[in-house]
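Student: Quick one: the structure is below, questions incoming.
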There are 2 protein chains.
Amino acid sequence: MNFGIPDFMSTLTRVSKALAMLPLLMGTLAADEGMWLFNDLPVKHLKDKYGFTPTPEWSEHVMKSCVRFNVGGSASFISSNGLVLTNHHVGSDTLFKLSNEENDYYNDGFLAKNFGEELKAPDLELNQLLNIKDVTAQVNAAVTPGLSAAEAAKARRAAIANIEKQATDESGLRSNVVTLYGGGRYHLYQYKKYTDVRLVWSPEANAAFFGGDADNFEYPRYCLDACIFRVYEDGKPAKIEHFLKWSPNGPADKELVFVAGNPGRTSRIFTVAALKHQRDVRLPYILDFIRRREVLLQQFALQGKESARRAHDGLFGFQNGRKARMGMLQGLQDPAVMSAKEQAEADLLAKIEADPKLRKYAGAWEKIADVQKRRAATQGMGVNLNEQLFNLAQQLVQMAEEDKKPSAERMPAYRDSNRASLEQQLFSTAPVYKDLEQVIISDLISRMVEKRGGDDELCQKILAGKSPIDRGEELISGTKMDDPEFRKTLAAGGSKAIEASTDPLIQLARMVDSEVRAEQLAGDELAEIERQAYAQIAEAQFATQGTSTYPDATFSLRLAFGPVLGYTEKGKEIPSMTNFGGAFQHEAAHAGQEYFDLPKSWHVARDAKKIDLATPYNFVCTADIIGGNSGSPVINEKMELVGLIFDGNIQSLTADYLYSDRQGRATSVHSNAIRDAIRNIYGADSLADQLGK
Amino acid sequence: MNFGIPDFMSTLTRVSKALAMLPLLMGTLAADEGMWLFNDLPVKHLKDKYGFTPTPEWSEHVMKSCVRFNVGGSASFISSNGLVLTNHHVGSDTLFKLSNEENDYYNDGFLAKNFGEELKAPDLELNQLLNIKDVTAQVNAAVTPGLSAAEAAKARRAAIANIEKQATDESGLRSNVVTLYGGGRYHLYQYKKYTDVRLVWSPEANAAFFGGDADNFEYPRYCLDACIFRVYEDGKPAKIEHFLKWSPNGPADKELVFVAGNPGRTSRIFTVAALKHQRDVRLPYILDFIRRREVLLQQFALQGKESARRAHDGLFGFQNGRKARMGMLQGLQDPAVMSAKEQAEADLLAKIEADPKLRKYAGAWEKIADVQKRRAATQGMGVNLNEQLFNLAQQLVQMAEEDKKPSAERMPAYRDSNRASLEQQLFSTAPVYKDLEQVIISDLISRMVEKRGGDDELCQKILAGKSPIDRGEELISGTKMDDPEFRKTLAAGGSKAIEASTDPLIQLARMVDSEVRAEQLAGDELAEIERQAYAQIAEAQFATQGTSTYPDATFSLRLAFGPVLGYTEKGKEIPSMTNFGGAFQHEAAHAGQEYFDLPKSWHVARDAKKIDLATPYNFVCTADIIGGNSGSPVINEKMELVGLIFDGNIQSLTADYLYSDRQGRATSVHSNAIRDAIRNIYGADSLADQLGK
């Protein structure tokens, strides 16, 4: 198998070529498009096209077998004794927090030989969705006619807070109202929380992220991007009722599979004006920020091996985010894509104009366009000191202030219903590397001075007469915010303790607090205008296209589906699956390149003939996924685990605003590969025995 | 010797700390400040402070021993048979152009065993300055009262063109009028040109750039950043009258040394408004661009070893430029620095207001502030397709158009006096890597779309209905601009050939030509307003501070000076010199890090005891240098070569607008190190025998 050297730019070429050849079906659903709500699955479509009907039992079992990682990612229960399967790159935040100069679990892997050796994550919270309820009427009832956007936003926030509080009080469950269809619907999601989460097994980074940044978003792939945690209750492995059985053989080529996970965010309902804002303002701005941080972290990493380790977790995230957004931007900059979107919008507007009942919705587009203009005008001018220790200080400052109000009137993060989750983060014992944090906050201050100008009054106050780097050094060397006990004491002391604190980061957070709050309110107002406008657009779409559609992704549980399917690229057939043997061939083809060395464990297992080189390794299917789906289980009709989502190919990067199954594919680790690697490469027979049981 | 791990951010901290502790002498000259004109050396200062008087013979000999690399860099003649010494990083452009997939002279080094093996550079032009003449009165006479800024710019351009043409016609020399003191003086510089330049010797990149990006701008250093070319005339080694003799022992600690070279650009005359424009607009803009290109080239390099080689030359330049500009920005963002500048400006303005004869100059500051506002308003909105093959196409298009006019009315690059130099570049046989060029032009198109918005008319025309990447692919795969013969044919065909050409890059260059010209004219107008204003400020400074001052750097020959001198940092003494032994210790302290492995040749020489580990290697002095000085000879009072400038330390990075000799230092390779390495590490006895003879 030889698909040549992966070539980033030629793959990006593939993005736009794939789009340019689209049948331009925008406005109607493509074959397997959709990130469906578990309380509104496309039952008819599945039956008509695939002859499969998900029963209520099927969807309840799948839903309850799924787990959301609050750091951003998906996962599933895979045993009755609490095992949770997710991606190595979803677990990496915890792997990094558990590591130190001596034990580098991220790079070297980890295996607990027994329960006692399982390592407790310092701040993980896992959520299992138990039920969904439509609360649209309750939320909208709070927004009475005649309210200004700012008043409406406040009223809606309060209504949502009350619904969440009542639900939490009644059930003890984590209760969140999710805004769907950009504001067209509101659903209450209730989760069981797991906060005692322990690391069981992780492979080496060079197995999980084989091919590195060069191969990221590519296909064919050869990655064991998997790791396993276990949830505990009362200090014992939790007893789990709903978990996924392990498929004996995994999926067959062309077999229909399902992906259940938490896609983070899509923009498919976006108007043309909103997409152009993304194209011309938002994405370029974010990409500049990402590249800046990448270069900063790389420079930090040059100091030596330990610095490189400290910088790596952040660096990977930024590189990944950059590549994903470049794919999005490339599509949006393609005139063919934008004119297709314009055409679809014009068609919908024509239908609205033609129908007296719908004409009331016509103003929505103009409102959204106006919001984009207002956003563009203040782009990058706000307070951005988004650094770990400053964030903790800011949370403490805001919590003390918010706690003076009734729960429903607080900023959402500080409501009673969220307090336990907030404290899980706030009092985390994860290590903080002050040398790295100093570099980051100094750069953020320097960037604020660039954006607002060196004469800006707030910037002058932040600098306190010093250069950004000297000021960063002063802030970080002087703060005790890296000590969880110090944070606990401050939190317990409330606003008196905050006001009396001489900690430089607390003082900085107080200094910027009024502007941060003003920005927040201004942002809420714009978001409310958009919510009301998108709610109207959603109604117009329901009226003209029927209600059998799905809302944009909201980091809540969705079901996607589609066959395991290869594709054709530049006249070449790309088979749906790779195998272990291909990984070794890929290694040989890239000898000497960083991230292209398989770990020693793999070479040992191959040489000892412990693994079958024909074992299927990675595969692609047409399911409609996006960031946040990482770690999602891939399931067959029998509710068996057949794979683990970890990526999308480069042609899928436009999925934010455009799904296409021509070449766009979701990439998974094959269930056989995970099972066989655990047993035969990592020698973890006991763990392998527990899978699916 | 152990100075610990170099730490980029802590070194930047050192920049601003060094500045914060300045005696704030802005407005008066610090001890050894100055990049002096060879026709106006600080004779009295040198005599008073150092008891040394440069005689006319001294300065003529030094001036004529110097050579300018037109690609941007300095050098000197070091033998009667045409040997030229410069930095490896100045020669790297040529090393890269002479290399290919088989022979990597940049990384592996090069040694010609005899004249026949010396490799001809594809497009180098070296300039030796022969004389300087003040032509201020002639230039200013053309700018008659009552002309608008646009008219004045045109008249001044024509006057300069005529002076240059006449001088070229009379002498056959390259003749350039240099604008000094921001427009206060105009001098005619006449150069002998050498265009047959051949590579003689270069060390390995790991010796020249030991420590890589991590050590760049650091001190102590251990770099053999040197390489040697030879100029030829009529196919034979040129006979050189003025060259530098090699010092037997190099400089002693505290010895006064001189640096003769071509500093590129400083901004010391800049008004506060102009500095704030740099701080808030220009530098952030350039840094965003640099980081973008760095990330792009890194991603390209990930494809494999040959891609990494192709990307390296550009990547190094961008990394170097980023680090230098971050140092500049950090200083400008320091409130203490800016308020010192503000104070100095206020003092000068107060003197002007107090003196009726000077009051006429007071309006200059407002004019400069206004120019900055106009520049900020169009920042980044222009045509920027600055990619190698497009640039060639643009030059051909512009040349054909400009050639229709008399020489004096053309854009400066297309005047008759510059034609030979232009053709040297235009018809270069240096290899062009189309895969890399495609990535670059696609990104530049994408960036233009970002800056101007996807709906911009010119952007739409440039895209021609395609995504930036597809369009880049179309342009680069379709062009023949990489063939020097094709370019020659087009150039010979003049405007008819250009108009008939179907080459996509020629067509693109024609498409954007009118906007590029409009931008150029608008820029000329602003520059003229600034020239007139700075000329007034210069006169005000002459009147209040005397004329014993030096103009900002202009990439023309200057003399700087100062003692070889260590400094104190964080309470630690940094000695002025390092030695060969320190290089091996530094290697051991950074085992396993990229760019911290000394080449095999060095280990062999050490193990065979061919080199003395006590040999002085790098040293620092207080001379006032900046980018463009790379490759400058360091000379003692006896006109002997004692070193080779290759860097400044991190504390010198504010030199663009602020000189300080408290910690700011120029970094050189010691002459003994170069001589001994050539003989004892590289075994080039014959070459070593020629040095200084």
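All residue names refer to the structure tokens as shown: chains lettered A, B, ... in order, residues numbered from 1 in each chain, ligands numbered from 1 in order.
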For chain A, work out the contacting residues on chain B at 6 Å, counting only C-alpha atoms, and write them as a PyMOL selection string.
Tutor: chain B and resi 7+13+214+280+302-303+333-335+450+453+465-467+469-470
Student: Run DSSP on the backbone and tell me which residues of segment 208-309 of chain A come out as strand (DSSP E or B); list them as JSON, numbers by chain.
Tutor: {"A": [227, 228, 229, 230, 231, 232, 233, 236, 237, 245, 246, 256, 257, 258, 259, 260, 261]}
Student: At what distance in Å, to one decimal, does atom CA of Gln424 of chain A lie from atom CA of Asn114 of chain A?
Tutor: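 That distance, rounded to one decimal, is 25.9 Å.
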Student: With only C-alpha atoms as the counted atoms, please give the residues lying no more than 12 Å from Pro54 of chain B, apart from itself and same-chain residues fewer than 5 positions off, as a ChimeraX atom specification.
Tutor: /B:38-47,59-63,258,559,561,636-639
Student: Write out as a PyMOL selection string all residues of segment 138-385 of chain B that backbone DSSP assigns to alpha helix (DSSP H).
Tutor: chain B and resi 138-142+149-171+205-208+212-215+272-277+283-301+305-332+335-354+364-378
Student: Hey, what's within 8 Å of Ile476 of chain B if we count only C-alpha atoms and toss same-chain stuff fewer than 6 positions away? As a ChimeraX atom specification, please?
Tutor: /B:434,437-438,505
Student: Using only C-alpha atoms, which protein or nucleic acid residues come within 7 Å of Ser74 of chain A? Drop anything in the same chain fewer than 4 positions from it, and give the result as a count of residues only.
Tutor: 11
Student: Find, counting only C-alpha atoms, the residue in B:Glu587, B:Glu474, B:Asp313, B:Glu366 that gets nearest to Pro599 of chain B.
Tutor: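 Using only C-alpha atoms, Pro599 of chain B sits closest to B:Glu587.
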Student: Compare B:Lys64, B:Thr195, B:Gln532, B:Glu640 by their minimum atom-to-atom distance to Pro145 of chain B, counting only C-alpha atoms, and give me the closest one.
Tutor: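 That would be B:Gln532, the residue with the smallest distance to Pro145 of chain B.
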Student: Which value, in Å to one decimal, gives the distance between atom CA of Ile286 of chain B and atom CA of Met328 of chain B?
Tutor: 12.0 Å
Student: Here is a test: counting only C-alpha atoms, which residue of A:Ser79, A:Asn579, A:Asn618, A:Ser495 is nearest to Glu402 of chain A?
Tutor: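 Nearest candidate to Glu402 of chain A out of A:Ser79, A:Asn579, A:Asn618, A:Ser495: A:Ser495.
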Student: Please compute the atom CA of Ala149 of chain B-atom CA of Val371 of chain B distance, one decimal, in Å.
Tutor: 11.7 Å
